[in-house]
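K.L.:
Structure provided below as structure tokens; questions to follow.
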Amino acid sequence: MIDSRFQVSLLDRSRTRAGEAEAEALRGTVARAARAERLGYRRFWVAEHHGVPGIAGSAPAVLLAAVAGVTGTIRVGSAGVMLPHHQPLVVAEQFATLSAFAPGRVDLGLGRSPGFTAPVRRALRQVERDFAADLGELRGFLDGTSEIGLHPRPYGVVPLFVLATGSGLEVAAALGLPVIVGGPILREDRLDALERYRREFRPSARQERPWVAISLDVLVADTAAEAADLLLPEAWAMARSRTTGVFPPLEPVAVAKAADRTPRQRQYLEQTVAAAIAGTPRQVESRLAELLDRTGAAELVTSGSTFDRAALAASDAALAALFPSA
């Protein structure tokens, strides 16, 4: 098993599936959260996307209320709320309200990714915003240091996390906040960004020391070939989105295998597969232990998804078994 210092949590984006009503994706997220609690996962995260055909998770605060209603011990949070889409006061009020339903177990992850397309950005009335200033304002509302008081007041402290890339890491270090990182920054040649975050971190009342979680797709199966198949529906969807501009629902493995691919789609598919960790429990354990050690991360946020819900549930259970604290 992986060193007991490390925690593991699940991120579910409410992926839709071909031939299935979109509402089923939301119900699947809630059911997965309940299973994650039984398996001993540390946290369960949901995300925010707008106008994306393959994702039903557009309203994290609403979805988290449903998740909180079927769980009692697991921490629940957003990874994340995209702050440029919202007024900080409204986000603070939503998560203060959530803390009334799940006392002491609500986490607020914040990012600044733009809307998926230009029409979505227009619909969100998105304008240039100062992410650091918005984060500071939101923190003031939650901490009770703003001239505007929240009602209801949060139940205790609502921890803040920054979904960070290069400049996001700088903001998190300056404000003394923990970070969740993923993508290219996890490559060995990019780890200097994490070291800079740790070096420039300014302790705050919320966080005394720098803290890092890493996020990537992780899928576990009995054989390496089965795990590779589980990864294919998501990888194929990503390849299609990067070449057509449309992020589609997940399709069965057989459909994804049989699909005709352009050279560019094959390239994108291979990139997605290479960035993920998929394999047998022993293979996944070895690769995760090396990655966690190399990045100095305290937590793994796994975002793996696949078409087959039963196979995904089995993967979640196998992954939890690798972490002694889960």
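Letters for chains follow the order of the structure tokens (A, B, ...), residue numbers begin at 1 for each chain, and ligand numbers begin at 1 in the order shown.
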Using only C-alpha atoms, find each residue in segment 243-288 of chain A having at least one atom no more than 12 Å away from segment 40-64 of chain A; report its shortest atom-to-atom pair and that distance in Å (one decimal), rows by chain then rising number, as CSV.
P.N.:
residue,atom,partner,partner_atom,distance
A:Gly245,CA,A:Val52,CA,10.0
A:Val246,CA,A:Pro53,CA,7.4
A:Phe247,CA,A:Gly54,CA,5.6
A:Pro248,CA,A:Gly54,CA,4.5
A:Pro249,CA,A:Gly54,CA,4.0
A:Leu250,CA,A:Gly54,CA,7.0
A:Glu251,CA,A:Gly54,CA,10.3
K.L.:
Can you tell me which residues surround Ala174 of chain A at a distance of at most 12 Å, considering only C-alpha atoms, apart from same-chain residues fewer than 2 positions away, and format the answer as a PyMOL selection string?
P.N.:
chain A and resi 132-133+135-136+162+167-172+176-179+196-204+207+210
K.L.:
How would the residues just picked look written out with N, CA and C atoms as an mmCIF file, in the first residue's frame?
P.N.:
data_model
loop_
_atom_site.group_PDB
_atom_site.id
_atom_site.type_symbol
_atom_site.label_atom_id
_atom_site.label_comp_id
_atom_site.auth_asym_id
_atom_site.auth_seq_id
_atom_site.Cartn_x
_atom_site.Cartn_y
_atom_site.Cartn_z
ATOM 1 N N ALA A 132 -6.707 37.378 -7.851
ATOM 2 C CA ALA A 132 -6.197 37.505 -6.492
ATOM 3 C C ALA A 132 -7.107 38.386 -5.647
ATOM 4 N N ALA A 133 -7.590 39.476 -6.215
ATOM 5 C CA ALA A 133 -8.474 40.377 -5.472
ATOM 6 C C ALA A 133 -9.803 39.700 -5.162
ATOM 7 N N LEU A 135 -10.291 36.476 -4.855
ATOM 8 C CA LEU A 135 -10.030 35.470 -3.826
ATOM 9 C C LEU A 135 -9.957 36.110 -2.444
ATOM 10 N N GLY A 136 -9.268 37.232 -2.363
ATOM 11 C CA GLY A 136 -9.154 37.920 -1.081
ATOM 12 C C GLY A 136 -10.495 38.410 -0.571
ATOM 13 N N VAL A 162 -6.815 26.508 -4.232
ATOM 14 C CA VAL A 162 -6.668 27.139 -5.538
ATOM 15 C C VAL A 162 -6.322 26.080 -6.568
ATOM 16 N N SER A 167 0.654 30.960 -12.959
ATOM 17 C CA SER A 167 0.315 32.194 -12.261
ATOM 18 C C SER A 167 -0.605 31.928 -11.083
ATOM 19 N N GLY A 168 -1.443 30.909 -11.163
ATOM 20 C CA GLY A 168 -2.298 30.558 -10.033
ATOM 21 C C GLY A 168 -1.489 30.138 -8.822
ATOM 22 N N LEU A 169 -0.357 29.471 -9.072
ATOM 23 C CA LEU A 169 0.517 29.085 -7.966
ATOM 24 C C LEU A 169 1.094 30.317 -7.276
ATOM 25 N N GLU A 170 1.384 31.343 -8.049
ATOM 26 C CA GLU A 170 1.898 32.583 -7.465
ATOM 27 C C GLU A 170 0.852 33.236 -6.569
ATOM 28 N N VAL A 171 -0.400 33.262 -7.034
ATOM 29 C CA VAL A 171 -1.482 33.841 -6.237
ATOM 30 C C VAL A 171 -1.673 33.054 -4.947
ATOM 31 N N ALA A 172 -1.684 31.729 -5.050
ATOM 32 C CA ALA A 172 -1.872 30.892 -3.868
ATOM 33 C C ALA A 172 -0.740 31.081 -2.866
ATOM 34 N N GLY A 176 -1.250 32.549 0.843
ATOM 35 C CA GLY A 176 -1.126 31.500 1.843
ATOM 36 C C GLY A 176 -2.230 30.468 1.761
ATOM 37 N N LEU A 177 -2.453 29.922 0.547
ATOM 38 C CA LEU A 177 -3.530 28.962 0.330
ATOM 39 C C LEU A 177 -2.979 27.667 -0.274
ATOM 40 N N PRO A 178 -3.617 26.533 0.017
ATOM 41 C CA PRO A 178 -3.223 25.252 -0.593
ATOM 42 C C PRO A 178 -3.612 25.208 -2.061
ATOM 43 N N VAL A 179 -2.967 24.310 -2.821
ATOM 44 C CA VAL A 179 -3.204 24.232 -4.254
ATOM 45 C C VAL A 179 -3.524 22.814 -4.691
ATOM 46 N N ARG A 196 8.834 26.607 -6.511
ATOM 47 C CA ARG A 196 8.701 28.063 -6.363
ATOM 48 C C ARG A 196 7.511 28.409 -5.479
ATOM 49 N N TYR A 197 6.399 27.679 -5.649
ATOM 50 C CA TYR A 197 5.241 27.896 -4.771
ATOM 51 C C TYR A 197 5.626 27.672 -3.315
ATOM 52 N N ARG A 198 6.323 26.593 -3.038
ATOM 53 C CA ARG A 198 6.716 26.303 -1.655
ATOM 54 C C ARG A 198 7.696 27.356 -1.129
ATOM 55 N N ARG A 199 8.588 27.786 -1.982
ATOM 56 C CA ARG A 199 9.601 28.754 -1.556
ATOM 57 C C ARG A 199 8.988 30.124 -1.267
ATOM 58 N N GLU A 200 7.992 30.509 -2.076
ATOM 59 C CA GLU A 200 7.404 31.853 -1.957
ATOM 60 C C GLU A 200 6.150 31.881 -1.083
ATOM 61 N N PHE A 201 5.776 30.749 -0.539
ATOM 62 C CA PHE A 201 4.549 30.663 0.265
ATOM 63 C C PHE A 201 4.635 31.566 1.496
ATOM 64 N N ARG A 202 3.564 32.347 1.711
ATOM 65 C CA ARG A 202 3.467 33.214 2.880
ATOM 66 C C ARG A 202 2.417 32.636 3.821
ATOM 67 N N PRO A 203 2.818 32.204 4.987
ATOM 68 C CA PRO A 203 1.843 31.618 5.918
ATOM 69 C C PRO A 203 0.679 32.563 6.181
ATOM 70 N N SER A 204 -0.503 31.978 6.312
ATOM 71 C CA SER A 204 -1.714 32.754 6.581
ATOM 72 C C SER A 204 -2.442 32.143 7.768
ATOM 73 N N GLN A 207 -3.588 28.744 6.561
ATOM 74 C CA GLN A 207 -2.637 27.716 6.159
ATOM 75 C C GLN A 207 -1.238 28.129 6.588
ATOM 76 N N PRO A 210 2.926 25.456 3.026
ATOM 77 C CA PRO A 210 2.448 25.115 1.676
ATOM 78 C C PRO A 210 1.883 23.699 1.646
#
K.L.:
So the first atom is atom CA of Phe307 of chain A and the second is atom CA of Val253 of chain A; what is the distance between them in Å, to one decimal place?
P.N.:
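Here the two named atoms are 7.3 Å from each other.
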K.L.:
Restricting the calculation to only C-alpha atoms: of A:Ala21, A:Ala36, A:Val8, A:Met82, which residue gets closest to Ala297 of chain A?
P.N.:
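Result for the nearest residue to Ala297 of chain A: A:Val8.
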K.L.:
Using Å and a single decimal, report how far atom CA of Leu230 of chain A sits from atom CA of Ala313 of chain A.
P.N.:
11.6 Å
K.L.:
Write out as an MDAnalysis selection string all residues of segment 111-244 of chain A that backbone DSSP assigns to alpha helix (DSSP H).
P.N.:
chainID A and resid 118:123 131:143 166:175 192:200 224:244
K.L.:
Among segment 155-216 of chain A, which ones does DSSP place in strand (DSSP E), written as a list in words?
P.N.:
Leu160, Phe161, Val162, Leu163, Val179, Ile180, Val181, Gly182, Val212, Ala213, Ile214, Ser215 and Leu216 of chain A
K.L.:
From the options A:Leu108, A:Leu142, A:Leu194, A:Ala66, which residue's atoms come nearest to Phe161 of chain A, counting only C-alpha atoms?
P.N.:
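Under the stated criterion, the closest residue is A:Leu108.
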K.L.:
Which distance in Å separates atom CA of Leu83 of chain A and atom CA of Ala96 of chain A, to one decimal?
P.N.:
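One can read the atom CA of Leu83 of chain A to atom CA of Ala96 of chain A distance as 15.9 Å.
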K.L.:
For Leu288 of chain A, which of A:Val301, A:Pro154, A:Pro119, A:Glu195 is the closest residue, counting only C-alpha atoms?
P.N.:
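With only C-alpha atoms as the atom set, the closest residue is A:Val301.
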K.L.:
Which residues are near Thr97 of chain A? Cut-off 10 Å, only C-alpha atoms, ignore same chain within fewer than 5 positions. Put them as a list in words.
P.N.:
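Contacts, with the query itself left out: Ala61, Ala65, Val91, Ala92, Ala102, Pro103, Leu150, His151, Pro152, Arg153, Pro154 and Tyr155 of chain A.
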K.L.:
Out of A:Gly19, A:Pro252, A:Gly183, A:Gly109, which residue has the shortest atom-to-atom distance to Asp308 of chain A when counting only C-alpha atoms?
P.N.:
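Looking at the shortest contact to Asp308 of chain A, the residue is A:Pro252.
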